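Text of my_file-v7.pdb, listed as PDB, C-alpha atoms, pLDDT in the B column:
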ATOM      1  CA  MET A   1      10.109 -83.956  71.003  1.00 39.00           C
ATOM      2  CA  SER A   2       9.512 -86.820  73.377  1.00 46.00           C
ATOM      3  CA  ALA A   3       8.103 -89.988  71.851  1.00 47.00           C
ATOM      4  CA  ARG A   4       5.324 -89.754  74.430  1.00 75.00           C
ATOM      5  CA  ILE A   5       4.035 -86.473  72.883  1.00 83.00           C
ATOM      6  CA  GLU A   6       1.815 -86.498  69.789  1.00 89.00           C
ATOM      7  CA  GLU A   7       0.883 -83.291  67.992  1.00 88.00           C
ATOM      8  CA  LEU A   8      -2.761 -83.626  66.950  1.00 90.00           C
ATOM      9  CA  ASP A   9      -3.135 -80.251  65.255  1.00 88.00           C
ATOM     10  CA  TRP A  10      -1.212 -77.044  64.600  1.00 89.00           C
ATOM     11  CA  GLN A  11      -2.699 -73.888  63.127  1.00 85.00           C
ATOM     12  CA  THR A  12      -1.759 -70.242  62.760  1.00 85.00           C
ATOM     13  CA  THR A  13      -4.322 -67.909  64.369  1.00 79.00           C
ATOM     14  CA  ARG A  14      -4.625 -64.133  64.760  1.00 76.00           C
ATOM     15  CA  MET A  15      -3.264 -64.546  68.311  1.00 75.00           C
ATOM     16  CA  GLY A  16      -0.346 -66.789  67.381  1.00 80.00           C
ATOM     17  CA  GLU A  17       0.453 -70.442  66.713  1.00 89.00           C
ATOM     18  CA  LEU A  18      -2.115 -72.743  68.289  1.00 92.00           C
ATOM     19  CA  THR A  19      -1.147 -76.336  69.049  1.00 92.00           C
ATOM     20  CA  LEU A  20      -3.185 -79.279  70.306  1.00 94.00           C
ATOM     21  CA  ARG A  21      -1.110 -82.165  71.568  1.00 93.00           C
ATOM     22  CA  ARG A  22      -1.527 -85.386  73.490  1.00 93.00           C
ATOM     23  CA  ARG A  23       0.996 -86.997  75.784  1.00 91.00           C
ATOM     24  CA  ALA A  24       1.129 -89.988  78.043  1.00 88.00           C
ATOM     25  CA  ASP A  25       1.613 -89.329  81.738  1.00 81.00           C
ATOM     26  CA  PRO A  26       4.882 -91.125  82.558  1.00 78.00           C
ATOM     27  CA  ALA A  27       3.602 -92.206  85.980  1.00 75.00           C
ATOM     28  CA  THR A  28       0.099 -93.436  85.094  1.00 79.00           C
ATOM     29  CA  GLY A  29       0.000 -93.783  81.305  1.00 80.00           C
ATOM     30  CA  GLU A  30      -3.062 -91.487  81.270  1.00 87.00           C
ATOM     31  CA  GLN A  31      -3.577 -89.544  78.039  1.00 92.00           C
ATOM     32  CA  ILE A  32      -3.236 -85.816  78.745  1.00 93.00           C
ATOM     33  CA  TYR A  33      -4.469 -83.233  76.228  1.00 95.00           C
ATOM     34  CA  GLU A  34      -2.769 -79.834  76.148  1.00 92.00           C
ATOM     35  CA  VAL A  35      -3.292 -76.598  74.222  1.00 92.00           C
ATOM     36  CA  LYS A  36      -0.475 -74.102  73.652  1.00 87.00           C
ATOM     37  CA  LEU A  37      -0.609 -70.627  72.131  1.00 86.00           C
ATOM     38  CA  GLY A  38       2.908 -69.939  70.963  1.00 83.00           C
ATOM     39  CA  ASP A  39       5.124 -70.939  73.897  1.00 78.00           C
ATOM     40  CA  GLU A  40       2.359 -70.363  76.446  1.00 79.00           C
ATOM     41  CA  TYR A  41       0.299 -73.200  77.913  1.00 82.00           C
ATOM     42  CA  LEU A  42      -3.395 -72.336  77.740  1.00 83.00           C
ATOM     43  CA  MET A  43      -5.037 -75.418  79.198  1.00 87.00           C
ATOM     44  CA  SER A  44      -4.585 -79.072  80.066  1.00 89.00           C
ATOM     45  CA  SER A  45      -6.959 -81.958  80.665  1.00 92.00           C
ATOM     46  CA  LEU A  46      -4.839 -82.654  83.742  1.00 87.00           C
ATOM     47  CA  PHE A  47      -6.617 -79.763  85.485  1.00 88.00           C
ATOM     48  CA  THR A  48     -10.348 -79.503  84.810  1.00 93.00           C
ATOM     49  CA  VAL A  49     -11.858 -79.057  88.284  1.00 94.00           C
ATOM     50  CA  ALA A  50     -12.150 -75.266  88.124  1.00 95.00           C
ATOM     51  CA  GLU A  51     -13.540 -75.304  84.568  1.00 96.00           C
ATOM     52  CA  GLU A  52     -16.207 -77.748  85.706  1.00 97.00           C
ATOM     53  CA  GLU A  53     -16.895 -75.692  88.838  1.00 98.00           C
ATOM     54  CA  LEU A  54     -17.439 -72.618  86.658  1.00 98.00           C
ATOM     55  CA  ALA A  55     -20.509 -74.334  85.204  1.00 98.00           C
ATOM     56  CA  THR A  56     -21.578 -75.944  88.475  1.00 98.00           C
ATOM     57  CA  LEU A  57     -21.414 -72.736  90.512  1.00 98.00           C
ATOM     58  CA  GLY A  58     -22.916 -70.600  87.769  1.00 98.00           C
ATOM     59  CA  LEU A  59     -25.865 -72.907  87.250  1.00 98.00           C
ATOM     60  CA  ALA A  60     -26.353 -73.380  90.997  1.00 98.00           C
ATOM     61  CA  ALA A  61     -27.087 -69.659  91.215  1.00 98.00           C
ATOM     62  CA  ALA A  62     -29.643 -69.781  88.387  1.00 98.00           C
ATOM     63  CA  SER A  63     -33.383 -70.167  88.848  1.00 96.00           C
ATOM     64  CA  GLY A  64     -35.844 -71.706  86.424  1.00 96.00           C
ATOM     65  CA  ASP A  65     -36.398 -75.061  84.738  1.00 96.00           C
ATOM     66  CA  ALA A  66     -35.593 -74.126  81.130  1.00 98.00           C
ATOM     67  CA  LEU A  67     -32.250 -72.346  81.034  1.00 98.00           C
ATOM     68  CA  ASP A  68     -30.597 -70.818  77.998  1.00 98.00           C
ATOM     69  CA  VAL A  69     -26.844 -70.779  78.570  1.00 98.00           C
ATOM     70  CA  VAL A  70     -23.971 -69.206  76.664  1.00 98.00           C
ATOM     71  CA  VAL A  71     -20.333 -70.113  77.243  1.00 98.00           C
ATOM     72  CA  GLY A  72     -17.570 -67.756  76.207  1.00 98.00           C
ATOM     73  CA  GLY A  73     -14.555 -69.897  75.349  1.00 97.00           C
ATOM     74  CA  LEU A  74     -14.780 -73.510  74.187  1.00 97.00           C
ATOM     75  CA  GLY A  75     -11.317 -74.775  75.107  1.00 94.00           C
ATOM     76  CA  LEU A  76     -11.213 -78.479  75.933  1.00 96.00           C
ATOM     77  CA  GLY A  77     -14.977 -78.422  76.470  1.00 97.00           C
ATOM     78  CA  TYR A  78     -15.226 -79.268  80.166  1.00 97.00           C
ATOM     79  CA  THR A  79     -17.254 -76.184  81.159  1.00 98.00           C
ATOM     80  CA  ALA A  80     -19.752 -76.761  78.356  1.00 98.00           C
ATOM     81  CA  VAL A  81     -20.151 -80.491  79.008  1.00 98.00           C
ATOM     82  CA  THR A  82     -20.615 -79.896  82.736  1.00 98.00           C
ATOM     83  CA  ALA A  83     -23.383 -77.417  81.917  1.00 98.00           C
ATOM     84  CA  LEU A  84     -25.081 -80.025  79.727  1.00 98.00           C
ATOM     85  CA  GLY A  85     -25.167 -82.313  82.758  1.00 98.00           C
ATOM     86  CA  ASP A  86     -27.788 -80.007  84.307  1.00 98.00           C
ATOM     87  CA  ASP A  87     -31.204 -81.156  83.076  1.00 97.00           C
ATOM     88  CA  ARG A  88     -32.542 -77.603  83.356  1.00 98.00           C
ATOM     89  CA  VAL A  89     -30.347 -76.475  80.449  1.00 98.00           C
ATOM     90  CA  ARG A  90     -32.570 -76.041  77.414  1.00 98.00           C
ATOM     91  CA  SER A  91     -29.963 -74.644  75.043  1.00 98.00           C
ATOM     92  CA  LEU A  92     -26.195 -74.193  75.130  1.00 98.00           C
ATOM     93  CA  ALA A  93     -24.372 -71.842  72.781  1.00 98.00           C
ATOM     94  CA  VAL A  94     -20.571 -71.922  72.956  1.00 98.00           C
ATOM     95  CA  ILE A  95     -18.783 -68.958  71.367  1.00 98.00           C
ATOM     96  CA  ASP A  96     -15.121 -69.185  70.392  1.00 96.00           C
ATOM     97  CA  ALA A  97     -13.024 -66.827  68.283  1.00 93.00           C
ATOM     98  CA  LEU A  98     -10.719 -69.593  67.051  1.00 91.00           C
ATOM     99  CA  PRO A  99     -12.187 -71.826  64.332  1.00 93.00           C
ATOM    100  CA  ALA A 100      -9.419 -74.351  65.017  1.00 91.00           C
ATOM    101  CA  VAL A 101     -10.832 -75.066  68.474  1.00 94.00           C
ATOM    102  CA  ILE A 102     -14.341 -75.580  67.107  1.00 96.00           C
ATOM    103  CA  ASP A 103     -12.872 -77.841  64.428  1.00 94.00           C
ATOM    104  CA  TRP A 104     -11.172 -80.026  67.066  1.00 94.00           C
ATOM    105  CA  HIS A 105     -14.489 -80.725  68.718  1.00 97.00           C
ATOM    106  CA  GLU A 106     -16.397 -81.217  65.480  1.00 97.00           C
ATOM    107  CA  ARG A 107     -13.760 -83.814  64.558  1.00 95.00           C
ATOM    108  CA  GLU A 108     -14.228 -85.312  68.056  1.00 96.00           C
ATOM    109  CA  LEU A 109     -10.521 -85.137  68.856  1.00 94.00           C
ATOM    110  CA  LEU A 110     -10.904 -84.380  72.574  1.00 95.00           C
ATOM    111  CA  PRO A 111     -12.169 -86.570  75.425  1.00 95.00           C
ATOM    112  CA  VAL A 112     -15.518 -84.781  75.840  1.00 97.00           C
ATOM    113  CA  SER A 113     -16.051 -83.778  72.195  1.00 97.00           C
ATOM    114  CA  THR A 114     -18.496 -86.549  71.362  1.00 98.00           C
ATOM    115  CA  THR A 115     -20.713 -85.778  74.351  1.00 98.00           C
ATOM    116  CA  LEU A 116     -20.641 -82.086  73.491  1.00 98.00           C
ATOM    117  CA  VAL A 117     -21.290 -82.066  69.768  1.00 98.00           C
ATOM    118  CA  ARG A 118     -23.823 -84.911  69.681  1.00 98.00           C
ATOM    119  CA  ASP A 119     -26.096 -83.251  72.217  1.00 98.00           C
ATOM    120  CA  ALA A 120     -28.967 -81.580  70.341  1.00 98.00           C
ATOM    121  CA  ARG A 121     -28.909 -78.646  72.785  1.00 98.00           C
ATOM    122  CA  THR A 122     -25.392 -77.605  71.722  1.00 98.00           C
ATOM    123  CA  THR A 123     -24.537 -74.928  69.174  1.00 98.00           C
ATOM    124  CA  LEU A 124     -20.889 -74.062  68.490  1.00 98.00           C
ATOM    125  CA  VAL A 125     -20.492 -70.484  67.279  1.00 98.00           C
ATOM    126  CA  HIS A 126     -17.408 -68.995  65.631  1.00 97.00           C
ATOM    127  CA  ASP A 127     -17.414 -65.386  66.820  1.00 97.00           C
ATOM    128  CA  ASP A 128     -15.654 -62.928  69.113  1.00 97.00           C
ATOM    129  CA  PHE A 129     -17.436 -63.304  72.459  1.00 98.00           C
ATOM    130  CA  PHE A 130     -16.264 -59.861  73.572  1.00 98.00           C
ATOM    131  CA  ALA A 131     -17.617 -58.175  70.439  1.00 98.00           C
ATOM    132  CA  VAL A 132     -20.920 -60.025  70.885  1.00 98.00           C
ATOM    133  CA  MET A 133     -21.215 -58.758  74.464  1.00 98.00           C
ATOM    134  CA  ARG A 134     -20.408 -55.168  73.433  1.00 98.00           C
ATOM    135  CA  ALA A 135     -23.168 -55.205  70.797  1.00 98.00           C
ATOM    136  CA  ALA A 136     -26.860 -54.679  71.465  1.00 97.00           C
ATOM    137  CA  PRO A 137     -28.398 -58.011  72.510  1.00 97.00           C
ATOM    138  CA  THR A 138     -30.361 -59.978  69.936  1.00 94.00           C
ATOM    139  CA  ARG A 139     -31.528 -62.458  72.584  1.00 94.00           C
ATOM    140  CA  GLU A 140     -31.304 -62.912  76.336  1.00 97.00           C
ATOM    141  CA  TYR A 141     -29.752 -65.743  78.325  1.00 98.00           C
ATOM    142  CA  ASP A 142     -30.275 -67.115  81.799  1.00 98.00           C
ATOM    143  CA  VAL A 143     -26.583 -67.860  82.365  1.00 98.00           C
ATOM    144  CA  ILE A 144     -23.343 -66.537  80.864  1.00 99.00           C
ATOM    145  CA  LEU A 145     -20.184 -68.523  81.669  1.00 99.00           C
ATOM    146  CA  LEU A 146     -16.853 -67.007  80.646  1.00 98.00           C
ATOM    147  CA  ASP A 147     -13.468 -68.750  80.476  1.00 97.00           C
ATOM    148  CA  VAL A 148     -11.186 -67.087  77.942  1.00 96.00           C
ATOM    149  CA  ASP A 149      -8.565 -64.948  79.673  1.00 94.00           C
ATOM    150  CA  HIS A 150      -6.185 -65.939  82.445  1.00 93.00           C
ATOM    151  CA  SER A 151      -7.873 -63.372  84.692  1.00 97.00           C
ATOM    152  CA  PRO A 152      -9.431 -59.901  84.513  1.00 98.00           C
ATOM    153  CA  ARG A 153      -5.907 -58.459  84.824  1.00 96.00           C
ATOM    154  CA  HIS A 154      -4.139 -60.927  82.495  1.00 95.00           C
ATOM    155  CA  THR A 155      -5.952 -61.063  79.174  1.00 95.00           C
ATOM    156  CA  LEU A 156      -4.980 -63.032  76.095  1.00 89.00           C
ATOM    157  CA  ASP A 157      -5.687 -59.992  73.945  1.00 91.00           C
ATOM    158  CA  PRO A 158      -5.680 -56.317  74.971  1.00 94.00           C
ATOM    159  CA  SER A 159      -9.073 -55.851  73.304  1.00 95.00           C
ATOM    160  CA  HIS A 160     -10.658 -58.017  76.013  1.00 97.00           C
ATOM    161  CA  ALA A 161      -9.774 -55.721  78.917  1.00 97.00           C
ATOM    162  CA  ASP A 162     -12.774 -53.383  78.660  1.00 98.00           C
ATOM    163  CA  LEU A 163     -15.227 -56.171  79.502  1.00 98.00           C
ATOM    164  CA  TYR A 164     -13.883 -56.391  83.054  1.00 98.00           C
ATOM    165  CA  ALA A 165     -14.606 -52.726  83.807  1.00 98.00           C
ATOM    166  CA  VAL A 166     -18.016 -51.396  84.864  1.00 98.00           C
ATOM    167  CA  ALA A 167     -18.999 -50.302  81.352  1.00 98.00           C
ATOM    168  CA  GLY A 168     -18.118 -53.682  79.849  1.00 98.00           C
ATOM    169  CA  LEU A 169     -19.882 -55.619  82.585  1.00 98.00           C
ATOM    170  CA  THR A 170     -22.958 -53.408  82.123  1.00 98.00           C
ATOM    171  CA  ALA A 171     -23.007 -54.233  78.406  1.00 98.00           C
ATOM    172  CA  LEU A 172     -22.654 -57.936  79.212  1.00 98.00           C
ATOM    173  CA  ALA A 173     -25.474 -57.784  81.774  1.00 98.00           C
ATOM    174  CA  ALA A 174     -27.824 -56.532  79.067  1.00 98.00           C
ATOM    175  CA  HIS A 175     -27.591 -59.996  77.478  1.00 98.00           C
ATOM    176  CA  LEU A 176     -29.032 -61.606  80.622  1.00 98.00           C
ATOM    177  CA  ARG A 177     -32.638 -61.959  81.657  1.00 97.00           C
ATOM    178  CA  GLN A 178     -33.646 -60.355  84.924  1.00 95.00           C
ATOM    179  CA  GLY A 179     -31.979 -62.338  87.712  1.00 95.00           C
ATOM    180  CA  GLY A 180     -29.706 -64.063  85.196  1.00 98.00           C
ATOM    181  CA  VAL A 181     -26.242 -65.269  86.228  1.00 98.00           C
ATOM    182  CA  PHE A 182     -22.784 -64.217  85.103  1.00 99.00           C
ATOM    183  CA  ALA A 183     -19.905 -66.482  86.162  1.00 99.00           C
ATOM    184  CA  LEU A 184     -16.225 -66.018  85.336  1.00 98.00           C
ATOM    185  CA  TRP A 185     -13.180 -68.277  85.697  1.00 98.00           C
ATOM    186  CA  SER A 186      -9.858 -66.730  86.755  1.00 98.00           C
ATOM    187  CA  ASP A 187      -6.429 -68.231  87.289  1.00 95.00           C
ATOM    188  CA  ASP A 188      -5.613 -65.559  89.891  1.00 96.00           C
ATOM    189  CA  PRO A 189      -6.714 -65.280  93.529  1.00 97.00           C
ATOM    190  CA  PRO A 190      -9.838 -63.186  94.246  1.00 97.00           C
ATOM    191  CA  ASP A 191      -9.269 -59.634  93.028  1.00 98.00           C
ATOM    192  CA  ASP A 192     -10.738 -56.858  95.197  1.00 98.00           C
ATOM    193  CA  ASP A 193     -10.710 -54.302  92.391  1.00 98.00           C
ATOM    194  CA  PHE A 194     -12.591 -56.618  90.045  1.00 98.00           C
ATOM    195  CA  MET A 195     -15.066 -57.491  92.803  1.00 98.00           C
ATOM    196  CA  THR A 196     -15.775 -53.781  93.200  1.00 98.00           C
ATOM    197  CA  ALA A 197     -16.507 -53.454  89.473  1.00 98.00           C
ATOM    198  CA  LEU A 198     -18.622 -56.625  89.496  1.00 98.00           C
ATOM    199  CA  ALA A 199     -20.654 -55.439  92.489  1.00 98.00           C
ATOM    200  CA  ALA A 200     -21.378 -52.146  90.714  1.00 98.00           C
ATOM    201  CA  VAL A 201     -23.352 -54.075  88.094  1.00 98.00           C
ATOM    202  CA  PHE A 202     -24.453 -57.377  89.675  1.00 98.00           C
ATOM    203  CA  ASP A 203     -26.115 -58.440  92.927  1.00 98.00           C
ATOM    204  CA  GLY A 204     -25.061 -61.236  95.287  1.00 97.00           C
ATOM    205  CA  CYS A 205     -21.472 -61.201  94.023  1.00 98.00           C
ATOM    206  CA  ARG A 206     -19.177 -63.911  95.292  1.00 98.00           C
ATOM    207  CA  ALA A 207     -15.613 -64.993  94.570  1.00 98.00           C
ATOM    208  CA  HIS A 208     -15.374 -68.749  95.070  1.00 98.00           C
ATOM    209  CA  ARG A 209     -11.884 -70.126  95.645  1.00 97.00           C
ATOM    210  CA  VAL A 210     -11.682 -73.532  93.938  1.00 96.00           C
ATOM    211  CA  GLU A 211      -8.866 -75.766  95.170  1.00 92.00           C
ATOM    212  CA  PHE A 212      -7.585 -78.897  93.454  1.00 90.00           C
ATOM    213  CA  ALA A 213      -4.692 -81.308  93.740  1.00 82.00           C
ATOM    214  CA  ASN A 214      -1.773 -80.399  91.504  1.00 85.00           C
ATOM    215  CA  ARG A 215      -0.088 -83.587  90.383  1.00 79.00           C
ATOM    216  CA  LEU A 216       2.798 -81.654  88.857  1.00 74.00           C
ATOM    217  CA  THR A 217       3.808 -79.913  92.080  1.00 79.00           C
ATOM    218  CA  GLY A 218       2.504 -82.504  94.515  1.00 81.00           C
ATOM    219  CA  GLY A 219       0.614 -79.758  96.328  1.00 89.00           C
ATOM    220  CA  THR A 220      -2.685 -77.905  96.059  1.00 89.00           C
ATOM    221  CA  SER A 221      -3.491 -75.172  93.544  1.00 91.00           C
ATOM    222  CA  SER A 222      -6.480 -72.884  93.301  1.00 94.00           C
ATOM    223  CA  ASN A 223      -8.466 -70.828  90.819  1.00 96.00           C
ATOM    224  CA  THR A 224     -11.299 -68.359  91.329  1.00 98.00           C
ATOM    225  CA  VAL A 225     -14.879 -68.452  90.065  1.00 98.00           C
ATOM    226  CA  TYR A 226     -16.771 -65.154  90.293  1.00 98.00           C
ATOM    227  CA  VAL A 227     -20.584 -65.235  90.314  1.00 98.00           C
ATOM    228  CA  GLY A 228     -23.087 -62.369  90.152  1.00 98.00           C
ATOM    229  CA  LEU A 229     -26.810 -61.937  89.432  1.00 98.00           C
ATOM    230  CA  ARG A 230     -28.272 -59.325  87.092  1.00 97.00           C
ATOM    231  CA  ARG A 231     -30.200 -56.825  89.150  1.00 86.00           C
TER     232      ARG A 231
END
Target format structure tokens, applied to this file:
Amino acid sequence: MSARIEELDWQTTRMGELTLRRRADPATGEQIYEVKLGDEYLMSSLFTVAEEELATLGLAAASGDALDVVVGGLGLGYTAVTALGDDRVRSLAVIDALPAVIDWHERELLPVSTTLVRDARTTLVHDDFFAVMRAAPTREYDVILLDVDHSPRHTLDPSHADLYAVAGLTALAAHLRQGGVFALWSDDPPDDDFMTALAAVFDGCRAHRVEFANRLTGGTSSNTVYVGLRR
């Protein structure tokens, strides 16, 4: 292992070995935080634009001055912290199935952890977001932001796949207030089949292509943020 890489935490999870590490960018000296699941890279603080845009675009579509927001997937925390930057957000619940990830933030190991966990509006919840959405709602939200899987077609766990079909999206919509917003991050380009499923349940559906500079390739990369309103 390079001397520039520091392993901050390693834990065994039901989905595999989860690693949080920090490395220095050889060109700039910037501290980069990375999460790996087994040999697969899940996320990096080098690329946060699309995660932030998930919150920005989702909240831009919401109406009201006292918004209750739920985020599926805590990760490095950039989606959640961006949501907290909107003064209309009254409460923010972040659901994550991996207690290790919640523990990282509670220990304030990541760049935005302090902002996230010390905000009185924040609640970190250890639970399976997908199971919560399948169940009958116990409360309603104004905005649901989801960033767990790579895309509707490329899920981290096969049990997640049903949410991206009409039946799963219908169950999720039941957790939203009338006119509430569902927004989803995807690593893939806009998917026509998923847009068809989304439009069967939600109104005003859009697939926003979010571009950002990729310092690793020297070019431009893009992600997708889907947004729909509960009819």
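Residues lying within 9 Å of Arg209 in chain A, counting only C-alpha atoms and ignoring same-chain neighbours fewer than 2 positions away, are A:Pro189, A:Pro190, A:Ala207, A:Glu211, A:Ser222, A:Asn223, A:Thr224, A:Val225, A:Tyr226.
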Selection under test: the PyMOL selection byres ((chain A and resi 8) around 6); residues as a list of chain:residue names = A:Glu7, A:Asp9, A:Leu20, A:Arg21
Test item: residues at most 6 Å from range 169-185 of chain A, only C-alpha atoms, excluding those fewer than 3 positions along its chain, as a PyMOL selection string = chain A and resi 58+133-134+137+140-147+163+166+224-231
Export, as an mmCIF file, in the frame of the given file, the selected residues with C-alpha atoms.
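File written: result_36.cif
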data_model
loop_
_atom_site.group_PDB
_atom_site.id
_atom_site.type_symbol
_atom_site.label_atom_id
_atom_site.label_comp_id
_atom_site.auth_asym_id
_atom_site.auth_seq_id
_atom_site.Cartn_x
_atom_site.Cartn_y
_atom_site.Cartn_z
ATOM 1 C CA GLY A 58 -22.916 -70.600 87.769
ATOM 2 C CA MET A 133 -21.215 -58.758 74.464
ATOM 3 C CA ARG A 134 -20.408 -55.168 73.433
ATOM 4 C CA PRO A 137 -28.398 -58.011 72.510
ATOM 5 C CA GLU A 140 -31.304 -62.912 76.336
ATOM 6 C CA TYR A 141 -29.752 -65.743 78.325
ATOM 7 C CA ASP A 142 -30.275 -67.115 81.799
ATOM 8 C CA VAL A 143 -26.583 -67.860 82.365
ATOM 9 C CA ILE A 144 -23.343 -66.537 80.864
ATOM 10 C CA LEU A 145 -20.184 -68.523 81.669
ATOM 11 C CA LEU A 146 -16.853 -67.007 80.646
ATOM 12 C CA ASP A 147 -13.468 -68.750 80.476
ATOM 13 C CA LEU A 163 -15.227 -56.171 79.502
ATOM 14 C CA VAL A 166 -18.016 -51.396 84.864
ATOM 15 C CA THR A 224 -11.299 -68.359 91.329
ATOM 16 C CA VAL A 225 -14.879 -68.452 90.065
ATOM 17 C CA TYR A 226 -16.771 -65.154 90.293
ATOM 18 C CA VAL A 227 -20.584 -65.235 90.314
ATOM 19 C CA GLY A 228 -23.087 -62.369 90.152
ATOM 20 C CA LEU A 229 -26.810 -61.937 89.432
ATOM 21 C CA ARG A 230 -28.272 -59.325 87.092
ATOM 22 C CA ARG A 231 -30.200 -56.825 89.150
#
inquiry  = Which residues, named as in the file, does the PyMOL selection byres ((chain A and resi 59) around 8) pick out? Answer as a ChimeraX atom specification.
reply    = /A:55-58,60-62,83,86,143,181
request  = Find the residues near Val101 in chain A: any atom within 9 Å, counting all atoms listed in the file, skip ones fewer than 5 places away on the same chain, and give them as a count of residues only.
outcome  = 6
As a JSON list (two decimals) with C-alpha atoms, in the coordinates of the input, please: the residues near Leu18 in chain A (cut-off 6 Å, all atoms listed in the file, same-chain neighbours under 2 positions excluded).
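Output contents, as saved in around-v5.json:
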[["chain", "number", "residue", "atom", "x", "y", "z"],
["A", 10, "TRP", "CA", -1.21, -77.04, 64.60],
["A", 11, "GLN", "CA", -2.70, -73.89, 63.13],
["A", 36, "LYS", "CA", -0.48, -74.10, 73.65],
["A", 37, "LEU", "CA", -0.61, -70.63, 72.13]]
message = Could you list, as a PyMOL selection string, every residue matched by the PyMOL selection byres ((chain A and resi 78) around 12) in this structure?
response = chain A and resi 43-56+71+73-77+79-85+94+105+110-116+145+147
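Relative to CA of Asp87 in chain A, CA of Ser63 in chain A is found at 12.6 Å.
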Extending 4 Å beyond the listed atoms of range 56-67 of chain A on each side, what axis-aligned box results? I want centre and edge lengths in Å to one decimal, as AutoDock Vina command-line options.
--center_x -28.9 --center_y -72.8 --center_z 86.1 --size_x 23.0 --size_y 14.3 --size_z 18.2
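Between Asp193 in chain A and the candidates A:Gly168, A:Gly72, A:Pro152, A:Pro26, the tightest atom-to-atom separation, counting all atoms listed in the file, involves A:Pro152.
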query = Near Leu124 in chain A, within 8 Å and counting all atoms listed in the file, which residues show up once chain neighbours fewer than 2 positions away are dropped, as a PyMOL selection string?
reply = chain A and resi 93-96+102+122+126
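With CA of Phe212 in chain A on one side and CA of Gly29 in chain A on the other, the separation reads 20.7 Å.
Put simply, CA of Asp191 in chain A is 24.0 Å away from CA of Val70 in chain A.
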query = Pick from A:Arg23, A:Arg14, A:Arg90, A:Arg118: nearest to Asp157 in chain A, with only C-alpha atoms counted?
reply =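 The answer is A:Arg14, which sits nearest to Asp157 in chain A.
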Only C-alpha atoms, as a PDB file, in the first residue's frame: that is what I want for range 34-65 of chain A.
ATOM      1  CA  GLU A  34     -12.732   6.838  -0.670  1.00  0.00           C
ATOM      2  CA  VAL A  35     -15.104   3.988   0.169  1.00  0.00           C
ATOM      3  CA  LYS A  36     -14.641   0.484  -1.242  1.00  0.00           C
ATOM      4  CA  LEU A  37     -16.923  -2.538  -0.980  1.00  0.00           C
ATOM      5  CA  GLY A  38     -14.680  -5.508  -1.578  1.00  0.00           C
ATOM      6  CA  ASP A  39     -12.644  -4.587  -4.664  1.00  0.00           C
ATOM      7  CA  GLU A  40     -15.302  -2.192  -5.955  1.00  0.00           C
ATOM      8  CA  TYR A  41     -15.062   1.574  -5.508  1.00  0.00           C
ATOM      9  CA  LEU A  42     -18.350   2.929  -4.177  1.00  0.00           C
ATOM     10  CA  MET A  43     -17.636   6.627  -3.809  1.00  0.00           C
ATOM     11  CA  SER A  44     -14.940   9.270  -3.575  1.00  0.00           C
ATOM     12  CA  SER A  45     -14.817  12.809  -2.241  1.00  0.00           C
ATOM     13  CA  LEU A  46     -13.068  13.648  -5.509  1.00  0.00           C
ATOM     14  CA  PHE A  47     -16.473  13.545  -7.229  1.00  0.00           C
ATOM     15  CA  THR A  48     -19.339  15.076  -5.259  1.00  0.00           C
ATOM     16  CA  VAL A  49     -21.069  17.332  -7.802  1.00  0.00           C
ATOM     17  CA  ALA A  50     -23.804  14.862  -8.752  1.00  0.00           C
ATOM     18  CA  GLU A  51     -24.480  13.878  -5.126  1.00  0.00           C
ATOM     19  CA  GLU A  52     -24.919  17.549  -4.280  1.00  0.00           C
ATOM     20  CA  GLU A  53     -27.087  18.101  -7.362  1.00  0.00           C
ATOM     21  CA  LEU A  54     -29.344  15.246  -6.243  1.00  0.00           C
ATOM     22  CA  ALA A  55     -30.330  17.357  -3.235  1.00  0.00           C
ATOM     23  CA  THR A  56     -30.343  20.654  -5.124  1.00  0.00           C
ATOM     24  CA  LEU A  57     -32.552  19.420  -7.964  1.00  0.00           C
ATOM     25  CA  GLY A  58     -34.838  17.440  -5.685  1.00  0.00           C
ATOM     26  CA  LEU A  59     -35.425  20.348  -3.342  1.00  0.00           C
ATOM     27  CA  ALA A  60     -35.812  22.798  -6.230  1.00  0.00           C
ATOM     28  CA  ALA A  61     -38.861  20.805  -7.311  1.00  0.00           C
ATOM     29  CA  ALA A  62     -40.408  20.879  -3.826  1.00  0.00           C
ATOM     30  CA  SER A  63     -42.953  23.416  -2.627  1.00  0.00           C
ATOM     31  CA  GLY A  64     -43.520  24.592   0.923  1.00  0.00           C
ATOM     32  CA  ASP A  65     -41.532  26.312   3.660  1.00  0.00           C
TER      33      ASP A  65
END
